[in-house]
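Have a look at structure19.cif; it's mmCIF, C-alpha atoms:
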data_coords
#
loop_
_atom_site.group_PDB
_atom_site.id
_atom_site.type_symbol
_atom_site.label_atom_id
_atom_site.label_comp_id
_atom_site.auth_asym_id
_atom_site.auth_seq_id
_atom_site.Cartn_x
_atom_site.Cartn_y
_atom_site.Cartn_z
ATOM 1 C CA MET A 1 -46.658 -15.023 42.477
ATOM 2 C CA ILE A 2 -43.653 -14.465 44.662
ATOM 3 C CA ALA A 3 -42.929 -16.612 47.701
ATOM 4 C CA THR A 4 -42.016 -14.716 50.868
ATOM 5 C CA GLU A 5 -41.212 -15.743 54.443
ATOM 6 C CA SER A 6 -44.856 -15.390 55.439
ATOM 7 C CA GLY A 7 -46.697 -16.655 52.348
ATOM 8 C CA TRP A 8 -47.353 -15.558 48.786
ATOM 9 C CA ASN A 9 -47.366 -12.110 47.202
ATOM 10 C CA LEU A 10 -49.690 -11.915 44.222
ATOM 11 C CA PHE A 11 -48.981 -9.562 41.319
ATOM 12 C CA VAL A 12 -51.519 -9.013 38.522
ATOM 13 C CA CYS A 13 -51.904 -7.548 35.046
ATOM 14 C CA GLY A 14 -48.272 -7.177 33.985
ATOM 15 C CA ASN A 15 -47.330 -7.426 30.321
ATOM 16 C CA GLY A 16 -44.292 -8.231 28.195
ATOM 17 C CA GLY A 17 -43.766 -7.448 24.510
ATOM 18 C CA MET A 18 -44.173 -4.161 22.642
ATOM 19 C CA ARG A 19 -46.063 -2.424 25.430
ATOM 20 C CA PRO A 20 -44.501 -3.654 28.653
ATOM 21 C CA ARG A 21 -46.222 -2.949 31.915
ATOM 22 C CA HIS A 22 -45.122 -3.689 35.462
ATOM 23 C CA ALA A 23 -47.475 -5.970 37.330
ATOM 24 C CA ASP A 24 -49.351 -4.448 40.283
ATOM 25 C CA LEU A 25 -49.005 -5.887 43.759
ATOM 26 C CA PHE A 26 -52.491 -7.178 44.488
ATOM 27 C CA ALA A 27 -52.166 -8.887 47.875
ATOM 28 C CA THR A 28 -49.430 -9.981 50.284
ATOM 29 C CA ASP A 29 -48.739 -12.860 52.668
ATOM 30 C CA LEU A 30 -51.415 -15.187 51.321
ATOM 31 C CA ASP A 31 -51.720 -18.846 52.270
ATOM 32 C CA ASP A 32 -51.999 -21.424 49.459
ATOM 33 C CA GLU A 33 -55.765 -21.686 49.548
ATOM 34 C CA THR A 34 -56.448 -17.953 49.478
ATOM 35 C CA LEU A 35 -53.880 -17.451 46.747
ATOM 36 C CA ILE A 36 -55.601 -19.931 44.429
ATOM 37 C CA LYS A 37 -59.013 -18.527 45.292
ATOM 38 C CA TYR A 38 -57.916 -15.006 44.388
ATOM 39 C CA ILE A 39 -56.355 -16.172 41.129
ATOM 40 C CA ASP A 40 -59.511 -18.099 40.186
ATOM 41 C CA ARG A 41 -61.727 -15.115 40.945
ATOM 42 C CA ILE A 42 -59.500 -12.633 39.104
ATOM 43 C CA LEU A 43 -59.259 -14.854 36.028
ATOM 44 C CA MET A 44 -63.016 -15.457 35.857
ATOM 45 C CA PHE A 45 -63.742 -11.764 36.428
ATOM 46 C CA TYR A 46 -61.314 -10.974 33.602
ATOM 47 C CA VAL A 47 -62.846 -13.630 31.324
ATOM 48 C CA ARG A 48 -66.312 -12.206 31.848
ATOM 49 C CA THR A 49 -65.547 -8.502 31.545
ATOM 50 C CA ALA A 50 -62.600 -8.152 29.138
ATOM 51 C CA ASP A 51 -62.900 -7.701 25.383
ATOM 52 C CA ARG A 52 -61.867 -10.595 23.196
ATOM 53 C CA LEU A 53 -58.074 -10.916 22.935
ATOM 54 C CA GLN A 54 -57.645 -8.003 25.346
ATOM 55 C CA ARG A 55 -54.499 -8.258 27.469
ATOM 56 C CA THR A 56 -54.959 -8.256 31.217
ATOM 57 C CA SER A 57 -52.728 -5.156 31.314
ATOM 58 C CA VAL A 58 -55.049 -3.238 28.961
ATOM 59 C CA TRP A 59 -58.078 -4.571 30.794
ATOM 60 C CA MET A 60 -56.672 -3.201 34.044
ATOM 61 C CA GLU A 61 -55.909 0.194 32.453
ATOM 62 C CA ASN A 62 -59.504 0.470 31.262
ATOM 63 C CA LEU A 63 -61.033 -0.849 34.455
ATOM 64 C CA GLU A 64 -62.906 1.952 36.183
ATOM 65 C CA GLY A 65 -61.457 2.327 39.672
ATOM 66 C CA GLY A 66 -58.364 0.329 38.673
ATOM 67 C CA LEU A 67 -56.496 -1.834 41.106
ATOM 68 C CA ASP A 68 -58.461 -0.625 44.151
ATOM 69 C CA TYR A 69 -61.731 -1.536 42.483
ATOM 70 C CA LEU A 70 -60.402 -4.991 41.592
ATOM 71 C CA LYS A 71 -59.363 -5.497 45.223
ATOM 72 C CA GLN A 72 -62.855 -4.550 46.403
ATOM 73 C CA VAL A 73 -64.456 -7.043 44.027
ATOM 74 C CA ILE A 74 -62.068 -9.922 44.672
ATOM 75 C CA ILE A 75 -61.107 -9.484 48.321
ATOM 76 C CA ASP A 76 -64.140 -7.707 49.832
ATOM 77 C CA ASP A 77 -66.715 -9.331 47.529
ATOM 78 C CA SER A 78 -68.268 -5.905 46.904
ATOM 79 C CA LEU A 79 -70.359 -7.189 43.991
ATOM 80 C CA LYS A 80 -71.359 -10.419 45.771
ATOM 81 C CA ILE A 81 -70.222 -12.465 42.808
ATOM 82 C CA ASN A 82 -67.264 -14.360 44.255
ATOM 83 C CA SER A 83 -69.004 -17.681 44.745
ATOM 84 C CA ASP A 84 -70.323 -17.379 41.219
ATOM 85 C CA LEU A 85 -66.814 -16.686 39.895
ATOM 86 C CA GLU A 86 -65.425 -19.684 41.760
ATOM 87 C CA ASP A 87 -68.204 -21.930 40.419
ATOM 88 C CA GLY A 88 -67.333 -20.695 36.932
ATOM 89 C CA MET A 89 -63.693 -21.689 37.360
ATOM 90 C CA THR A 90 -64.649 -25.079 38.825
ATOM 91 C CA LYS A 91 -66.765 -25.709 35.745
ATOM 92 C CA VAL A 92 -63.959 -24.715 33.383
ATOM 93 C CA VAL A 93 -61.503 -27.007 35.188
ATOM 94 C CA SER A 94 -63.894 -29.961 35.329
ATOM 95 C CA THR A 95 -64.919 -29.742 31.674
ATOM 96 C CA TYR A 96 -61.414 -29.161 30.292
ATOM 97 C CA GLN A 97 -60.357 -31.553 27.574
ATOM 98 C CA CYS A 98 -57.272 -31.839 25.441
ATOM 99 C CA GLU A 99 -58.673 -31.420 21.936
ATOM 100 C CA TRP A 100 -55.774 -33.314 20.366
ATOM 101 C CA LYS A 101 -56.370 -36.281 22.632
ATOM 102 C CA THR A 102 -60.114 -36.195 21.957
ATOM 103 C CA THR A 103 -59.428 -36.154 18.230
ATOM 104 C CA LEU A 104 -57.021 -39.087 18.448
ATOM 105 C CA LYS A 105 -59.707 -41.125 20.209
ATOM 106 C CA SER A 106 -62.337 -40.391 17.567
ATOM 107 C CA PRO A 107 -62.216 -42.533 14.401
ATOM 108 C CA GLU A 108 -64.687 -40.057 12.890
ATOM 109 C CA LYS A 109 -62.323 -37.115 13.363
ATOM 110 C CA LEU A 110 -59.221 -39.081 12.385
ATOM 111 C CA LYS A 111 -60.742 -39.557 8.938
ATOM 112 C CA ARG A 112 -59.961 -35.902 8.255
ATOM 113 C CA PHE A 113 -56.250 -36.666 8.586
ATOM 114 C CA LYS A 114 -56.201 -39.410 5.956
ATOM 115 C CA HIS A 115 -55.110 -38.387 2.489
ATOM 116 C CA PHE A 116 -57.749 -40.437 0.664
ATOM 117 C CA ILE A 117 -61.349 -40.961 1.725
ATOM 118 C CA ASN A 118 -61.468 -44.287 -0.118
ATOM 119 C CA SER A 119 -57.978 -45.702 0.411
ATOM 120 C CA ASP A 120 -55.279 -46.050 3.067
ATOM 121 C CA GLU A 121 -52.603 -45.157 0.548
ATOM 122 C CA GLN A 122 -50.515 -42.045 0.996
ATOM 123 C CA ASP A 123 -49.899 -39.199 -1.396
ATOM 124 C CA LYS A 124 -47.120 -40.441 -3.707
ATOM 125 C CA ASN A 125 -46.074 -36.901 -4.565
ATOM 126 C CA LEU A 126 -44.466 -36.213 -1.179
ATOM 127 C CA TYR A 127 -40.686 -36.340 -0.977
ATOM 128 C CA TYR A 128 -38.470 -35.582 1.967
ATOM 129 C CA VAL A 129 -34.787 -35.162 2.636
ATOM 130 C CA ARG A 130 -32.874 -35.184 5.899
ATOM 131 C CA GLU A 131 -31.068 -32.056 6.966
ATOM 132 C CA ARG A 132 -29.186 -31.742 10.269
ATOM 133 C CA GLY A 133 -30.926 -34.897 11.466
ATOM 134 C CA GLN A 134 -34.416 -33.597 10.692
ATOM 135 C CA ARG A 135 -36.895 -34.400 7.955
ATOM 136 C CA ARG A 136 -37.958 -31.558 5.662
ATOM 137 C CA PRO A 137 -39.856 -31.412 2.325
ATOM 138 C CA ALA A 138 -37.594 -31.761 -0.703
ATOM 139 C CA THR A 139 -37.082 -28.800 -3.034
ATOM 140 C CA GLU A 140 -38.045 -29.134 -6.715
ATOM 141 C CA ALA A 141 -34.451 -29.993 -7.699
ATOM 142 C CA GLU A 142 -34.053 -32.524 -4.896
ATOM 143 C CA LYS A 143 -37.389 -34.054 -5.823
ATOM 144 C CA ILE A 144 -36.273 -34.760 -9.392
ATOM 145 C CA GLU A 145 -33.144 -36.437 -8.069
ATOM 146 C CA LEU A 146 -35.133 -38.534 -5.606
ATOM 147 C CA ILE A 147 -37.585 -39.672 -8.265
ATOM 148 C CA GLU A 148 -34.720 -40.734 -10.560
ATOM 149 C CA LEU A 149 -32.976 -42.608 -7.780
ATOM 150 C CA SER A 150 -35.963 -44.532 -6.454
ATOM 151 C CA PRO A 151 -36.366 -48.030 -7.920
ATOM 152 C CA ALA A 152 -39.219 -48.646 -10.333
ATOM 153 C CA ASP A 153 -42.409 -49.901 -8.724
ATOM 154 C CA MET B 1 -70.257 -46.698 -21.763
ATOM 155 C CA LYS B 2 -70.664 -44.735 -18.562
ATOM 156 C CA ASP B 3 -68.590 -46.039 -15.726
ATOM 157 C CA TRP B 4 -69.637 -44.817 -12.294
ATOM 158 C CA ILE B 5 -67.510 -45.583 -9.249
ATOM 159 C CA ALA B 6 -68.603 -44.957 -5.657
ATOM 160 C CA VAL B 7 -65.871 -43.257 -3.632
ATOM 161 C CA CYS B 8 -67.549 -42.441 -0.304
ATOM 162 C CA GLN B 9 -70.797 -41.704 1.477
ATOM 163 C CA MET B 10 -72.239 -38.226 1.136
ATOM 164 C CA ASP B 11 -72.212 -37.809 4.935
ATOM 165 C CA GLU B 12 -68.480 -38.494 5.031
ATOM 166 C CA ILE B 13 -67.935 -35.066 3.477
ATOM 167 C CA ALA B 14 -68.541 -32.351 6.060
ATOM 168 C CA PRO B 15 -70.692 -29.581 4.515
ATOM 169 C CA ASP B 16 -68.626 -26.792 2.912
ATOM 170 C CA THR B 17 -65.459 -28.884 2.791
ATOM 171 C CA GLY B 18 -63.827 -31.370 0.475
ATOM 172 C CA VAL B 19 -62.213 -34.792 0.548
ATOM 173 C CA CYS B 20 -59.684 -36.441 -1.723
ATOM 174 C CA ALA B 21 -60.570 -39.673 -3.497
ATOM 175 C CA THR B 22 -58.403 -41.911 -5.599
ATOM 176 C CA LEU B 23 -59.934 -42.900 -8.908
ATOM 177 C CA ASP B 24 -58.004 -45.112 -11.352
ATOM 178 C CA GLY B 25 -54.756 -43.789 -9.924
ATOM 179 C CA GLU B 26 -55.837 -40.162 -10.201
ATOM 180 C CA GLN B 27 -56.382 -37.910 -7.213
ATOM 181 C CA VAL B 28 -59.776 -36.228 -7.246
ATOM 182 C CA ALA B 29 -60.927 -33.464 -4.898
ATOM 183 C CA VAL B 30 -64.631 -33.843 -4.124
ATOM 184 C CA PHE B 31 -66.512 -30.888 -2.632
ATOM 185 C CA ARG B 32 -69.865 -30.502 -0.976
ATOM 186 C CA PHE B 33 -71.617 -27.193 -0.319
ATOM 187 C CA ALA B 34 -73.996 -26.887 2.629
ATOM 188 C CA ASP B 35 -76.658 -25.280 0.409
ATOM 189 C CA ASP B 36 -76.351 -27.632 -2.555
ATOM 190 C CA THR B 37 -77.512 -31.199 -3.136
ATOM 191 C CA ARG B 38 -74.831 -32.095 -5.672
ATOM 192 C CA VAL B 39 -71.081 -32.476 -5.263
ATOM 193 C CA TYR B 40 -68.245 -31.149 -7.424
ATOM 194 C CA ALA B 41 -65.168 -33.113 -8.452
ATOM 195 C CA ILE B 42 -61.952 -31.658 -9.789
ATOM 196 C CA SER B 43 -58.315 -32.739 -9.983
ATOM 197 C CA ASN B 44 -56.639 -32.592 -6.564
ATOM 198 C CA TYR B 45 -53.354 -31.348 -8.051
ATOM 199 C CA ASP B 46 -52.504 -27.679 -7.679
ATOM 200 C CA PRO B 47 -50.316 -26.868 -10.733
ATOM 201 C CA PHE B 48 -49.055 -23.633 -9.157
ATOM 202 C CA GLY B 49 -47.988 -25.103 -5.833
ATOM 203 C CA LYS B 50 -47.171 -28.464 -7.490
ATOM 204 C CA ALA B 51 -48.872 -30.445 -4.727
ATOM 205 C CA ASN B 52 -51.973 -32.591 -4.210
ATOM 206 C CA VAL B 53 -53.814 -30.222 -1.887
ATOM 207 C CA LEU B 54 -56.942 -28.778 -3.535
ATOM 208 C CA SER B 55 -59.328 -30.946 -1.481
ATOM 209 C CA ARG B 56 -58.119 -28.955 1.541
ATOM 210 C CA GLY B 57 -58.961 -25.623 -0.095
ATOM 211 C CA ILE B 58 -61.708 -23.261 1.029
ATOM 212 C CA ILE B 59 -64.754 -23.331 -1.252
ATOM 213 C CA GLY B 60 -67.104 -20.489 -2.041
ATOM 214 C CA SER B 61 -68.480 -18.332 -4.848
ATOM 215 C CA VAL B 62 -66.964 -15.696 -7.096
ATOM 216 C CA GLY B 63 -69.995 -14.079 -8.734
ATOM 217 C CA GLN B 64 -72.066 -16.981 -10.044
ATOM 218 C CA GLN B 65 -69.108 -19.363 -10.190
ATOM 219 C CA ARG B 66 -68.521 -21.956 -7.501
ATOM 220 C CA VAL B 67 -64.812 -22.137 -6.816
ATOM 221 C CA VAL B 68 -62.139 -23.647 -4.641
ATOM 222 C CA ALA B 69 -59.193 -21.533 -3.526
ATOM 223 C CA SER B 70 -55.874 -23.340 -3.344
ATOM 224 C CA PRO B 71 -54.600 -23.515 0.223
ATOM 225 C CA LEU B 72 -51.090 -22.741 -1.082
ATOM 226 C CA TYR B 73 -51.108 -19.611 -3.273
ATOM 227 C CA LYS B 74 -54.886 -18.982 -3.248
ATOM 228 C CA GLN B 75 -55.595 -19.240 -6.986
ATOM 229 C CA HIS B 76 -59.296 -19.927 -7.610
ATOM 230 C CA PHE B 77 -60.491 -22.816 -9.762
ATOM 231 C CA ASP B 78 -63.997 -22.972 -11.207
ATOM 232 C CA LEU B 79 -65.517 -26.219 -9.951
ATOM 233 C CA GLU B 80 -67.660 -26.694 -13.090
ATOM 234 C CA THR B 81 -65.001 -26.105 -15.714
ATOM 235 C CA GLY B 82 -61.708 -26.477 -13.837
ATOM 236 C CA ILE B 83 -60.505 -23.164 -15.283
ATOM 237 C CA CYS B 84 -58.268 -21.017 -13.094
ATOM 238 C CA LEU B 85 -59.784 -17.569 -12.541
ATOM 239 C CA GLU B 86 -56.388 -15.897 -12.325
ATOM 240 C CA ASP B 87 -54.940 -17.626 -15.411
ATOM 241 C CA ASP B 88 -57.420 -19.021 -17.938
ATOM 242 C CA GLN B 89 -54.628 -20.927 -19.719
ATOM 243 C CA VAL B 90 -54.678 -23.303 -16.762
ATOM 244 C CA ARG B 91 -57.502 -25.781 -16.726
ATOM 245 C CA LEU B 92 -57.846 -28.706 -14.333
ATOM 246 C CA LYS B 93 -59.578 -31.953 -15.120
ATOM 247 C CA THR B 94 -63.144 -32.146 -13.843
ATOM 248 C CA TYR B 95 -65.272 -35.214 -13.254
ATOM 249 C CA LEU B 96 -68.960 -35.960 -13.554
ATOM 250 C CA THR B 97 -70.598 -36.686 -10.215
ATOM 251 C CA ARG B 98 -73.852 -38.074 -8.951
ATOM 252 C CA ILE B 99 -75.407 -39.139 -5.658
ATOM 253 C CA GLU B 100 -76.862 -42.630 -5.606
ATOM 254 C CA GLY B 101 -78.561 -43.758 -2.401
ATOM 255 C CA GLY B 102 -76.333 -41.567 -0.249
ATOM 256 C CA ARG B 103 -73.191 -42.667 -2.088
ATOM 257 C CA VAL B 104 -71.008 -40.219 -3.948
ATOM 258 C CA GLU B 105 -70.166 -41.604 -7.372
ATOM 259 C CA LEU B 106 -67.670 -40.272 -9.875
ATOM 260 C CA ASN B 107 -67.442 -40.983 -13.552
ATOM 261 C CA THR B 108 -64.198 -42.209 -15.015
ATOM 262 C CA VAL B 109 -65.246 -41.204 -18.531
ATOM 263 C CA GLN B 110 -64.645 -37.601 -19.560
#

Kindly present the structure from the file in structure tokens form.
Amino acid sequence: MIATESGWNLFVCGNGGMRPRHADLFATDLDDETLIKYIDRILMFYVRTADRLQRTSVWMENLEGGLDYLKQVIIDDSLKINSDLEDGMTKVVSTYQCEWKTTLKSPEKLKRFKHFINSDEQDKNLYYVRERGQRRPATEAEKIELIELSPAD
Amino acid sequence: MKDWIAVCQMDEIAPDTGVCATLDGEQVAVFRFADDTRVYAISNYDPFGKANVLSRGIIGSVGQQRVVASPLYKQHFDLETGICLEDDQVRLKTYLTRIEGGRVELNTVQ
């Protein structure tokens, strides 16, 4: 998205990395609402038609009719699926959950992060050293030193 | 003579995974297969990676043998005998197991 004097310009399907591709200019001078609508529709259309792990750039290259076809579908509603695409995005947004947060709230799931199933003790075989202000696992040699230095239980 | 100690409930072990239990100061990896009614118990210590991690290993079969693969360097250990498939000089301690009323019990006697 690029802001201009008269609204937003929307570019789609660019790619960085090993196979770079310039993004295509999809629409110009959009207001906020239309911009978000177009993005929602494009993303849902991509989600439903792309192969798994396929980049949007590759998806676009393989899309029959290319950019013009995508414009027809998204802007002119040529397939009459836009309301369906928007509903799909609404559902994704409303059912989104942070899986880490969900896990932290679940005593059942937190059990998997304990070392012992039948004790709150920790693994006594773990040793760490500080390097440049950060904690890292000790090497074998450092471990021996740490064991010798620690007071007897 | 037999000394059985309950370490957890059967349903606390997700099918096809393992947990680690402490038993008389020893760390024991306890595994449950989805298609099996018994559990397997083996030392949790990986002698190649020198860490207590085997309960986190992926379990499966190599031929007829049920095994766990170490999550570190992927050596396989036979869950019945404790013998390493890649190096039969290495043998881990195994434990007798039984299920009693939904509880997983391990035996402290070899």

**Message:** Using all atoms listed in the file and a distance of at most 10 Å, pull out the residues of chain B that contact chain A, as an NGL selection string.
**Reply:** :B and (6-9 or 12-14 or 18-23 or 27-30 or 45 or 50-53 or 55-56)

Put the listed atoms of range 80-97 of chain A in a box along x, y and z with 6 Å added on every side and give me the centre and edge lengths in Å to one decimal, as JSON.
{"center_x": -65.9, "center_y": -21.0, "center_z": 36.7, "size_x": 23.0, "size_y": 33.1, "size_z": 30.2}

**Message:** What's around Leu72 in chain B at 9 Å? Count all atoms listed in the file, leave out sequence neighbours fewer than 2 positions away in its own chain, and write the answer as a ChimeraX atom specification.
**Reply:** /B:46,48-49,51,53-54,57,69-70,74-75

**Message:** Give me, as an NGL selection string, all polymer residues having an atom no more than 6 Å from Leu10 in chain A, counting all atoms listed in the file and skipping those fewer than 3 positions away in the same chain.
**Reply:** :A and (1 or 26-27)

Could those residues be written to a file, using C-alpha atoms, as a tab-separated table (two decimals), in the coordinates of the input?
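And here's result_16.tsv as it stands now:
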chain	number	residue	atom	x	y	z
A	1	MET	CA	-46.66	-15.02	42.48
A	26	PHE	CA	-52.49	-7.18	44.49
A	27	ALA	CA	-52.17	-8.89	47.88

**Message:** Can you pull out the residues contacting Phe31 in chain B? Cut-off 6 Å, using all atoms listed in the file, and skip same-chain residues under 4 positions away; I want them as a list in words.
**Reply:**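 Residues meeting the cut-off are Thr17, Gly18, Val39 and Tyr40 of chain B.
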
**Request:** Just give me the gap between CA of Arg21 in chain A and CA of Leu63 in chain A in Å, one decimal is fine.
**Result:** 15.2 Å

**Message:** One decimal, in Å: what's the spacing between CA of Asp29 in chain A and CA of Ser6 in chain A?
**Reply:** 5.4 Å

**Message:** Once the PyMOL selection byres ((chain A and resi 30-46) around 12) is applied to the coordinates I shared, what remains selected? I want it as JSON, numbers by chain.
**Reply:** {"A": [1, 2, 3, 4, 5, 6, 7, 8, 9, 10, 11, 12, 13, 26, 27, 28, 29, 47, 48, 49, 50, 51, 52, 53, 54, 55, 56, 57, 58, 59, 60, 62, 63, 67, 69, 70, 71, 72, 73, 74, 75, 76, 77, 79, 80, 81, 82, 83, 84, 85, 86, 87, 88, 89, 90, 91, 92, 93]}

**Asked** If you measure from CA of Leu146 in chain A to CA of Val129 in chain A, what distance in Å do you get, rounded to one decimal?
**Response**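 Computing it gives 8.9 Å between the two atoms.
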
**Request:** Decode the PyMOL selection byres ((chain B and resi 85) around 10) for the given file into explicit residues and return them as a ChimeraX atom specification.
**Result:** /B:62,65,67,69,75-78,82-84,86-91

Export of prior selection with C-alpha atoms as a short mmCIF file (atom, residue, chain, number, x, y, z; two decimals), in the frame of the given file:
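File out18.cif, as written:
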data_model
loop_
_atom_site.label_atom_id
_atom_site.label_comp_id
_atom_site.auth_asym_id
_atom_site.auth_seq_id
_atom_site.Cartn_x
_atom_site.Cartn_y
_atom_site.Cartn_z
CA VAL B 62 -66.96 -15.70 -7.10
CA GLN B 65 -69.11 -19.36 -10.19
CA VAL B 67 -64.81 -22.14 -6.82
CA ALA B 69 -59.19 -21.53 -3.53
CA GLN B 75 -55.60 -19.24 -6.99
CA HIS B 76 -59.30 -19.93 -7.61
CA PHE B 77 -60.49 -22.82 -9.76
CA ASP B 78 -64.00 -22.97 -11.21
CA GLY B 82 -61.71 -26.48 -13.84
CA ILE B 83 -60.50 -23.16 -15.28
CA CYS B 84 -58.27 -21.02 -13.09
CA GLU B 86 -56.39 -15.90 -12.32
CA ASP B 87 -54.94 -17.63 -15.41
CA ASP B 88 -57.42 -19.02 -17.94
CA GLN B 89 -54.63 -20.93 -19.72
CA VAL B 90 -54.68 -23.30 -16.76
CA ARG B 91 -57.50 -25.78 -16.73
#

**Request:** Compile the contact shell of Arg66 in chain B as a PyMOL selection string: residues with an atom at most 6 Å away, counting only C-alpha atoms, same-chain residues fewer than 3 positions apart removed.
**Result:** chain B and resi 60-61+78-79

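When only C-alpha atoms are used to compute distances to Tyr95 in chain B, the closest of the residues B:Val109, B:Pro15, B:Asp24, B:Tyr73 turns out to be B:Val109.
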
**Prompt:** Got a sec to check which residues sit within 9 Å of (-78.6, -37.8, -4.5), counting only C-alpha atoms, and write them as a list in words?
**Reply:**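 Residues found, by chain and rising number: Met10, Thr37, Arg38, Arg98, Ile99, Glu100, Gly101, Gly102, Arg103 and Val104 of chain B.
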